[in-house]
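First the structure, in the form of structure tokens, and then the observations on it.
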Amino acid sequence: MDAATMVLVLIGSGFIGFLFAPLGLGGGLLFAPLLHYGLGWEIDGALLIVSLGLSATVAWGSGLRHRKEGHVSDERFKQSLWGALPGAIIGVLIVASMSGSFDLLFKGLSLIFITWAIIKTLRSKTNSVDDEREPNIIPLRAGVASGGLLSSVLAIGAGAIYVPVLRAYGGLESRKAIGTSLHIMMVVLPISILTHFIALDSSQVDVLSSNLLLILSLPIVVVIAANLGARFGIAKVSEQRIMQLFVVVLIVIGIRYILDLSSNVL
């Protein structure tokens, strides 16, 4: 890997962390294709580990800021872990069972999730003044369990699932749902990374070890950018503009996935 490519990937990762940390999103929908197309990595356990690690740094960089400002529900956080953690482990088992044939599944599921994220984003309306309500535990845990599973399979933070679930079934207002979502990621993502690492084969371990400098540099850049984003992102760039950019990037990634899937089918 040449120095120019490494610098571009570092800049791209920092850009993702800065923009999406204020919205409670880990950025995995963007980190995974950045590594796949930017560095030419295969979509396998090694790529998922790095993408999950970057999503985790966004979650930690922004989550600690949200806790400092009091935007976290510890009660909902603890209740949610009972669903999110088992879901994440099941997701890793699915990936490990599909060794060598995971690329098509990943891109197919990503297209579904990207479509859902675009529709949800375009329909969403900012509303941060809702009153908190009592939780509905069973759908709360089921919802975050699906988020945990998709987190491990698609290498995403799953904030796009956790936040609406915490609002609809956890009874949280918007900002506290975002902070709690980030805290779920802060626990679930490291567990998912560790479980994926245990399931790696020797060739995937070689990919990680041969790119160690980049892998160690990426989280440093992202956590700094995520913290800056949590402090200044919304103040300098409106949430509406960020989400518009998010949709444009998702559309570009979705088109590329469609082309890849079409080339494999034809």
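Residue numbering restarts at 1 in every chain; chains get A, B, ... in the order shown in the structure tokens, and ligands count up from 1 in that same order.
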(request) Per DSSP on the backbone, filter region 32-168 of chain A down to the residues in helix (DSSP H, G or I) and report them as a PyMOL selection string. (result) chain A and resi 32-39+45-68+74-97+102-123+137-154+159-168
Write out the residues from the selection above, keeping C-alpha atoms, as an mmCIF file, in the first residue's frame.
data_model
loop_
_atom_site.group_PDB
_atom_site.id
_atom_site.type_symbol
_atom_site.label_atom_id
_atom_site.label_comp_id
_atom_site.auth_asym_id
_atom_site.auth_seq_id
_atom_site.Cartn_x
_atom_site.Cartn_y
_atom_site.Cartn_z
ATOM 1 C CA ALA A 32 -16.569 -1.015 5.377
ATOM 2 C CA PRO A 33 -16.769 0.167 1.737
ATOM 3 C CA LEU A 34 -13.889 2.598 2.366
ATOM 4 C CA LEU A 35 -11.671 -0.338 3.344
ATOM 5 C CA HIS A 36 -13.054 -2.606 0.624
ATOM 6 C CA TYR A 37 -12.759 -0.209 -2.313
ATOM 7 C CA GLY A 38 -10.083 2.127 -0.976
ATOM 8 C CA LEU A 39 -7.634 -0.572 0.094
ATOM 9 C CA GLY A 45 -13.563 -11.242 9.197
ATOM 10 C CA ALA A 46 -10.412 -9.101 8.983
ATOM 11 C CA LEU A 47 -12.211 -6.205 7.260
ATOM 12 C CA LEU A 48 -15.165 -6.508 9.634
ATOM 13 C CA ILE A 49 -12.863 -6.270 12.655
ATOM 14 C CA VAL A 50 -11.247 -3.033 11.430
ATOM 15 C CA SER A 51 -14.591 -1.488 10.431
ATOM 16 C CA LEU A 52 -16.112 -2.446 13.789
ATOM 17 C CA GLY A 53 -13.055 -1.013 15.535
ATOM 18 C CA LEU A 54 -13.509 2.305 13.744
ATOM 19 C CA SER A 55 -17.203 2.344 14.605
ATOM 20 C CA ALA A 56 -16.234 1.666 18.219
ATOM 21 C CA THR A 57 -13.860 4.631 18.289
ATOM 22 C CA VAL A 58 -16.659 6.875 17.000
ATOM 23 C CA ALA A 59 -18.939 5.501 19.704
ATOM 24 C CA TRP A 60 -16.367 6.051 22.457
ATOM 25 C CA GLY A 61 -15.308 9.486 21.217
ATOM 26 C CA SER A 62 -18.886 10.730 21.052
ATOM 27 C CA GLY A 63 -20.374 8.564 23.813
ATOM 28 C CA LEU A 64 -18.114 9.943 26.525
ATOM 29 C CA ARG A 65 -19.101 13.452 25.474
ATOM 30 C CA HIS A 66 -22.793 12.558 25.686
ATOM 31 C CA ARG A 67 -22.283 11.107 29.176
ATOM 32 C CA LYS A 68 -20.518 14.257 30.322
ATOM 33 C CA ASP A 74 -28.053 3.870 32.342
ATOM 34 C CA GLU A 75 -31.232 1.898 33.053
ATOM 35 C CA ARG A 76 -32.121 1.511 29.352
ATOM 36 C CA PHE A 77 -28.475 0.831 28.552
ATOM 37 C CA LYS A 78 -28.348 -2.136 30.959
ATOM 38 C CA GLN A 79 -31.724 -3.437 29.780
ATOM 39 C CA SER A 80 -30.641 -3.235 26.133
ATOM 40 C CA LEU A 81 -27.425 -5.216 26.600
ATOM 41 C CA TRP A 82 -29.470 -8.355 27.325
ATOM 42 C CA GLY A 83 -30.626 -8.236 23.699
ATOM 43 C CA ALA A 84 -27.746 -6.567 21.864
ATOM 44 C CA LEU A 85 -24.912 -8.800 23.118
ATOM 45 C CA PRO A 86 -26.495 -12.173 22.198
ATOM 46 C CA GLY A 87 -27.498 -10.720 18.831
ATOM 47 C CA ALA A 88 -23.920 -9.631 18.130
ATOM 48 C CA ILE A 89 -22.481 -13.058 18.974
ATOM 49 C CA ILE A 90 -25.032 -14.798 16.737
ATOM 50 C CA GLY A 91 -24.011 -12.420 13.934
ATOM 51 C CA VAL A 92 -20.354 -13.445 14.266
ATOM 52 C CA LEU A 93 -21.338 -17.132 14.062
ATOM 53 C CA ILE A 94 -23.234 -16.418 10.827
ATOM 54 C CA VAL A 95 -20.158 -14.744 9.299
ATOM 55 C CA ALA A 96 -17.832 -17.556 10.404
ATOM 56 C CA SER A 97 -20.138 -20.209 8.933
ATOM 57 C CA PHE A 102 -19.650 -13.905 2.454
ATOM 58 C CA ASP A 103 -19.093 -11.132 -0.099
ATOM 59 C CA LEU A 104 -22.453 -11.529 -1.872
ATOM 60 C CA LEU A 105 -24.391 -11.857 1.383
ATOM 61 C CA PHE A 106 -22.690 -8.774 2.803
ATOM 62 C CA LYS A 107 -23.428 -6.602 -0.224
ATOM 63 C CA GLY A 108 -26.976 -7.917 -0.569
ATOM 64 C CA LEU A 109 -27.827 -7.256 3.078
ATOM 65 C CA SER A 110 -26.030 -3.917 2.928
ATOM 66 C CA LEU A 111 -28.186 -2.865 -0.023
ATOM 67 C CA ILE A 112 -31.335 -3.684 1.949
ATOM 68 C CA PHE A 113 -30.042 -1.793 4.980
ATOM 69 C CA ILE A 114 -28.846 1.150 2.854
ATOM 70 C CA THR A 115 -32.289 1.405 1.229
ATOM 71 C CA TRP A 116 -33.940 1.328 4.647
ATOM 72 C CA ALA A 117 -31.521 3.941 5.998
ATOM 73 C CA ILE A 118 -32.140 6.265 3.041
ATOM 74 C CA ILE A 119 -35.935 6.003 3.379
ATOM 75 C CA LYS A 120 -35.759 6.463 7.151
ATOM 76 C CA THR A 121 -33.448 9.471 6.817
ATOM 77 C CA LEU A 122 -35.585 11.184 4.189
ATOM 78 C CA ARG A 123 -38.737 10.667 6.262
ATOM 79 C CA ILE A 137 -38.989 -4.380 27.512
ATOM 80 C CA ILE A 138 -39.691 -7.282 25.135
ATOM 81 C CA PRO A 139 -39.747 -5.271 21.863
ATOM 82 C CA LEU A 140 -36.886 -3.130 23.228
ATOM 83 C CA ARG A 141 -34.628 -6.166 23.641
ATOM 84 C CA ALA A 142 -35.808 -7.742 20.384
ATOM 85 C CA GLY A 143 -35.078 -4.527 18.513
ATOM 86 C CA VAL A 144 -31.591 -4.038 19.921
ATOM 87 C CA ALA A 145 -30.885 -7.773 19.377
ATOM 88 C CA SER A 146 -31.516 -7.283 15.651
ATOM 89 C CA GLY A 147 -29.197 -4.279 15.811
ATOM 90 C CA GLY A 148 -26.485 -6.345 17.502
ATOM 91 C CA LEU A 149 -26.790 -9.111 14.896
ATOM 92 C CA LEU A 150 -26.570 -6.694 11.961
ATOM 93 C CA SER A 151 -23.711 -4.920 13.712
ATOM 94 C CA SER A 152 -21.579 -8.081 13.584
ATOM 95 C CA VAL A 153 -22.653 -9.113 10.081
ATOM 96 C CA LEU A 154 -22.388 -5.712 8.369
ATOM 97 C CA GLY A 159 -27.120 3.324 15.727
ATOM 98 C CA ALA A 160 -29.657 3.623 12.900
ATOM 99 C CA ILE A 161 -31.496 0.746 14.620
ATOM 100 C CA TYR A 162 -30.729 1.400 18.279
ATOM 101 C CA VAL A 163 -31.845 5.049 18.266
ATOM 102 C CA PRO A 164 -35.394 4.542 16.898
ATOM 103 C CA VAL A 165 -35.830 1.399 19.048
ATOM 104 C CA LEU A 166 -34.797 3.291 22.177
ATOM 105 C CA ARG A 167 -37.192 6.078 21.296
ATOM 106 C CA ALA A 168 -40.152 3.862 20.359
#
(request) One decimal, Å: what's the distance from CA of Val252 (chain A) over to CA of Ser192 (chain A), could you say? (result)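 One can read the CA of Val252 (chain A) to CA of Ser192 (chain A) distance as 27.5 Å.
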